[in-house]
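Visitor: The structure is given below, and queries will be raised subsequently.
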Amino acid sequence: MKPPPFGYSRPESVADALATLARLGPDGKVLAGGQSLLPILSMRLAAPHHLVDINRLSELGYVRVEGGDVRVGALARHAQVLADLPARAAQPLLGKALRLVAHATIRNRGTTVGSIVHADPSGEMTAVLALLGGTVRVATTAGERDVPARDFFVGPLESAVQPGELAVSATFPVLPPRAGTAFVEVARRNGDYAVCGVGALVELDADGAVSSARTAYLSVSPTPLVLDLTDAIGSEPDFAAAAVAAREQVEPEPDIHASADYRRHLAGVLTERALREAHAEALERSGRD
């Protein structure tokens with residue numbers, strides 16, 4: 001299939017891009033990596049009047065560790081973030097999730113911020129941002145605002161970015177010293193969207209007991225679902241109890257790929273697996289065994 005007709009602009013600076021988006025309003029759509037947008041256009045599931053191609057805005061193609069955060073610019077490709085050793089050291093969950101994003105060809109072109117703005121509830125990076133409590137910086141001709149993850153995802157394929165706005169970066173908090181992460185998923189084939197996926201973040205107190213255990217889920221809800229399983233897992237970790245608690249709280253919908261019951265089962269299995277891996281890493285990072 002072919003996409004519907006559309007206008008096209010390719011601004012040379014962020015200021016030009018913002019001015020163009022302000023002029024177009026709801027008729028404008030940003031094109032970054034295009035790995036999600038172009039298939040939707042070709043299937044005519046979207047029909048924007050005008051595409052604003054930001055691929056010449058090289059100033060947005062960065063990955064930086066700034067104090068207590070990893071900041072990823074809007075043109076940083078998945079592969080660039082995955083290859084950035086300081087960023088992966090500061091927040092290991094980035095690398096663990098990004099290696100599961102589609103295929104190498106798509107990671108070479110697709111952008112991490114674009115994936116987040118796409119707001120696909122089956123997307124790994126949406127879950128990462130939600131689990132870590134990150135933020136997205138959004139710019140307009142009038143200034144910038146930071147949107148926390150809890151407010152950013154407002155529906156399936158719907159984010160808080162408004163007409164005339166451009167998401168310029170995403171920020172992920174660095175991993176605390178006595179903490180560990182994991183990201184696991186089940187897909188029908190390597191590179192496919194996950195039937196179910198779970199990211200986990202476990203933090204320990206000074207005595208090595210679990211002080212916090214949180215999980216985020218793919219493909220089980222309209223927006224990224226984050227669960228606080230601290231009480232369920234207990235200070236002396238009971239991973240099976242946490243898995244039961246997760247199964248009781250997820251409410252997946254069936255589709256052509258999996259039934260709701262199968263997704264619920266996977267949520268429990270993957271919750272236990274992810275929490276075990278994250279806890280083991282937290283013990284290692286805190287110097288315990």
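In the structure tokens, chains take letters A, B, ... by order of appearance, with residues numbered from 1 within each chain and ligands from 1 in the order shown.
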Considering only C-alpha atoms, give me a table of residues in region 116-190 of chain A that are at most 10 Å from region 250-270 of chain A, with the closest atom pair and distance in Å for each, as a Markdown table.
Guide:
| residue | atom | partner | partner_atom | distance |
| --- | --- | --- | --- | --- |
| A:Phe183 | CA | A:Leu270 | CA | 9.0 |
| A:Val184 | CA | A:Leu270 | CA | 6.6 |
| A:Glu185 | CA | A:Leu270 | CA | 7.0 |
| A:Val186 | CA | A:Leu266 | CA | 8.0 |
| A:Ala187 | CA | A:His257 | CA | 9.6 |
| A:Arg188 | CA | A:His257 | CA | 8.3 |
Visitor: Skipping near chain neighbours, those fewer than 4 positions away, what residues fall within 9 Å of Ala47 (chain A) using only C-alpha atoms, listed as a ChimeraX atom specification?
Guide: /A:3-6,40-41
Visitor: Just list the residues in region 77-226 of chain A DSSP gives helix (DSSP H, G or I) on the backbone, as a PyMOL selection string.
Guide: chain A and resi 78-83+85-90+92-98+104-109+112-118+124-132+149-152
Visitor: Could the residues in this selection be written to a file with N, CA and C atoms, as a compact mmCIF listing (two decimals), in the first residue's frame?
Guide:
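Saved result, out-v1.txt, follows:
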# COMPACT_ATOMS: atom_id res chain seq x y z
N HIS A 78 18.25 4.28 18.47
CA HIS A 78 18.33 3.21 19.45
C HIS A 78 19.74 2.63 19.54
N ALA A 79 20.33 2.39 18.37
CA ALA A 79 21.66 1.78 18.34
C ALA A 79 22.70 2.68 18.99
N GLN A 80 22.55 3.98 18.83
CA GLN A 80 23.47 4.94 19.45
C GLN A 80 23.37 4.89 20.97
N VAL A 81 22.15 4.84 21.48
CA VAL A 81 21.97 4.76 22.93
C VAL A 81 22.49 3.43 23.45
N LEU A 82 22.21 2.35 22.72
CA LEU A 82 22.65 1.03 23.13
C LEU A 82 24.18 0.94 23.17
N ALA A 83 24.85 1.64 22.28
CA ALA A 83 26.31 1.58 22.21
C ALA A 83 27.00 2.55 23.16
N LEU A 85 28.45 3.53 26.28
CA LEU A 85 28.86 2.84 27.51
C LEU A 85 28.59 3.66 28.77
N PRO A 86 28.87 4.97 28.81
CA PRO A 86 28.55 5.74 30.02
C PRO A 86 27.07 5.72 30.35
N ALA A 87 26.21 5.81 29.33
CA ALA A 87 24.77 5.79 29.58
C ALA A 87 24.33 4.43 30.12
N ARG A 88 24.84 3.36 29.53
CA ARG A 88 24.47 2.01 29.98
C ARG A 88 25.00 1.74 31.37
N ALA A 89 26.17 2.27 31.70
CA ALA A 89 26.70 2.08 33.05
C ALA A 89 25.89 2.85 34.08
N ALA A 90 25.44 4.04 33.70
CA ALA A 90 24.66 4.88 34.62
C ALA A 90 23.26 4.32 34.82
N PRO A 92 21.66 0.77 33.58
CA PRO A 92 21.76 -0.47 32.80
C PRO A 92 20.46 -0.92 32.15
N LEU A 93 19.32 -0.50 32.67
CA LEU A 93 18.06 -0.94 32.09
C LEU A 93 17.91 -0.47 30.64
N LEU A 94 18.55 0.64 30.28
CA LEU A 94 18.48 1.11 28.90
C LEU A 94 19.01 0.06 27.94
N GLY A 95 20.19 -0.47 28.22
CA GLY A 95 20.76 -1.48 27.35
C GLY A 95 19.97 -2.77 27.35
N LYS A 96 19.48 -3.18 28.53
CA LYS A 96 18.73 -4.43 28.62
C LYS A 96 17.45 -4.38 27.81
N ALA A 97 16.79 -3.24 27.79
CA ALA A 97 15.56 -3.11 27.02
C ALA A 97 15.83 -2.87 25.54
N LEU A 98 16.80 -2.04 25.24
CA LEU A 98 17.04 -1.68 23.84
C LEU A 98 17.49 -2.87 23.00
N ALA A 104 18.17 -5.16 14.33
CA ALA A 104 19.29 -4.22 14.25
C ALA A 104 19.03 -3.13 13.22
N THR A 105 18.44 -3.48 12.09
CA THR A 105 18.17 -2.49 11.05
C THR A 105 17.25 -1.39 11.56
N ILE A 106 16.23 -1.78 12.30
CA ILE A 106 15.29 -0.80 12.85
C ILE A 106 15.95 0.00 13.96
N ARG A 107 16.78 -0.65 14.79
CA ARG A 107 17.47 0.08 15.86
C ARG A 107 18.46 1.09 15.28
N ASN A 108 18.99 0.82 14.11
CA ASN A 108 19.93 1.75 13.48
C ASN A 108 19.24 3.03 13.01
N ARG A 109 17.96 2.98 12.77
CA ARG A 109 17.25 4.14 12.24
C ARG A 109 16.25 4.73 13.24
N THR A 112 14.95 6.64 20.06
CA THR A 112 14.42 6.28 21.37
C THR A 112 13.30 7.22 21.80
N VAL A 113 13.50 8.52 21.62
CA VAL A 113 12.46 9.48 21.99
C VAL A 113 11.24 9.31 21.09
N GLY A 114 11.47 9.06 19.80
CA GLY A 114 10.34 8.84 18.90
C GLY A 114 9.51 7.64 19.31
N SER A 115 10.18 6.58 19.76
CA SER A 115 9.47 5.40 20.23
C SER A 115 8.62 5.72 21.44
N ILE A 116 9.14 6.54 22.33
CA ILE A 116 8.39 6.92 23.53
C ILE A 116 7.18 7.78 23.15
N VAL A 117 7.38 8.74 22.25
CA VAL A 117 6.27 9.61 21.83
C VAL A 117 5.20 8.81 21.09
N HIS A 118 5.61 7.77 20.38
CA HIS A 118 4.65 6.90 19.69
C HIS A 118 3.69 6.25 20.68
N GLU A 124 9.12 -1.30 24.31
CA GLU A 124 10.01 -1.46 25.46
C GLU A 124 10.35 -0.13 26.12
N MET A 125 10.61 0.90 25.32
CA MET A 125 11.09 2.15 25.92
C MET A 125 10.00 2.92 26.64
N THR A 126 8.74 2.71 26.27
CA THR A 126 7.67 3.31 27.05
C THR A 126 7.66 2.72 28.46
N ALA A 127 7.86 1.41 28.55
CA ALA A 127 7.88 0.75 29.85
C ALA A 127 9.08 1.19 30.68
N VAL A 128 10.22 1.37 30.03
CA VAL A 128 11.41 1.81 30.75
C VAL A 128 11.20 3.20 31.35
N LEU A 129 10.70 4.12 30.55
CA LEU A 129 10.46 5.47 31.06
C LEU A 129 9.48 5.45 32.22
N ALA A 130 8.41 4.66 32.09
CA ALA A 130 7.41 4.59 33.15
C ALA A 130 7.98 3.97 34.42
N LEU A 131 8.72 2.89 34.28
CA LEU A 131 9.28 2.20 35.45
C LEU A 131 10.26 3.08 36.21
N LEU A 132 11.11 3.79 35.49
CA LEU A 132 12.14 4.61 36.12
C LEU A 132 11.63 5.96 36.59
N ALA A 149 6.68 10.80 33.36
CA ALA A 149 6.15 9.62 32.68
C ALA A 149 4.72 9.31 33.10
N ARG A 150 4.39 9.54 34.36
CA ARG A 150 3.03 9.20 34.84
C ARG A 150 1.96 10.03 34.13
N ASP A 151 2.34 11.17 33.58
CA ASP A 151 1.38 12.03 32.87
C ASP A 151 1.56 11.99 31.36
N PHE A 152 2.61 11.31 30.90
CA PHE A 152 2.95 11.41 29.47
C PHE A 152 2.11 10.49 28.61
Visitor: Between A:Arg145, A:Arg276, A:His103, A:Arg247, which has the minimum distance to Gly199 (chain A) (counting only C-alpha atoms)?
Guide: A:Arg276
Visitor: Find the residue from A:Glu158, A:Glu144, A:Glu203, A:Glu66 that sits nearest to Phe172 (chain A); use only C-alpha atoms when measuring.
Guide: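 Of A:Glu158, A:Glu144, A:Glu203, A:Glu66, the one nearest Phe172 (chain A) is A:Glu66, counting only C-alpha atoms.
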Visitor: Calculate how many Å separate CA of Gly7 (chain A) from CA of Ala46 (chain A), rounding to one decimal.
Guide: 13.9 Å
Visitor: I'd like to know which of A:Val220, A:Val136, A:Ala182, A:Leu60 is closest to Ala76 (chain A), using only C-alpha atoms.
Guide: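 Between A:Val220, A:Val136, A:Ala182, A:Leu60, the residue approaching Ala76 (chain A) most closely is A:Leu60.
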Visitor: How would you write, as a PyMOL selection string, the set of residues in region 97-215 of chain A that DSSP gives as strand (DSSP E or B)?
Guide: chain A and resi 111+135-140+143-148+153-155+158-159+166-173+179-187+194-204+210-215
Visitor: When you look at Pro177 (chain A) with a cut-off of 10 Å (counting only C-alpha atoms), what residues show up, excluding the ones that are within fewer than 4 positions of it in the same chain? I need them as a ChimeraX atom specification.
Guide: /A:203-204,282,285-287
Visitor: Using only C-alpha atoms, please write the residues we just selected to a file, as a compact mmCIF listing (two decimals), in the first residue's frame.
Guide:
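Result file follows (selection_11.txt):
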# COMPACT_ATOMS: atom_id res chain seq x y z
CA GLU A 203 16.34 -1.55 45.60
CA LEU A 204 17.95 -2.76 48.84
CA ALA A 282 21.21 -5.39 43.38
CA ARG A 285 26.14 -4.00 43.15
CA SER A 286 25.83 -3.60 46.92
CA GLY A 287 28.76 -5.97 47.51
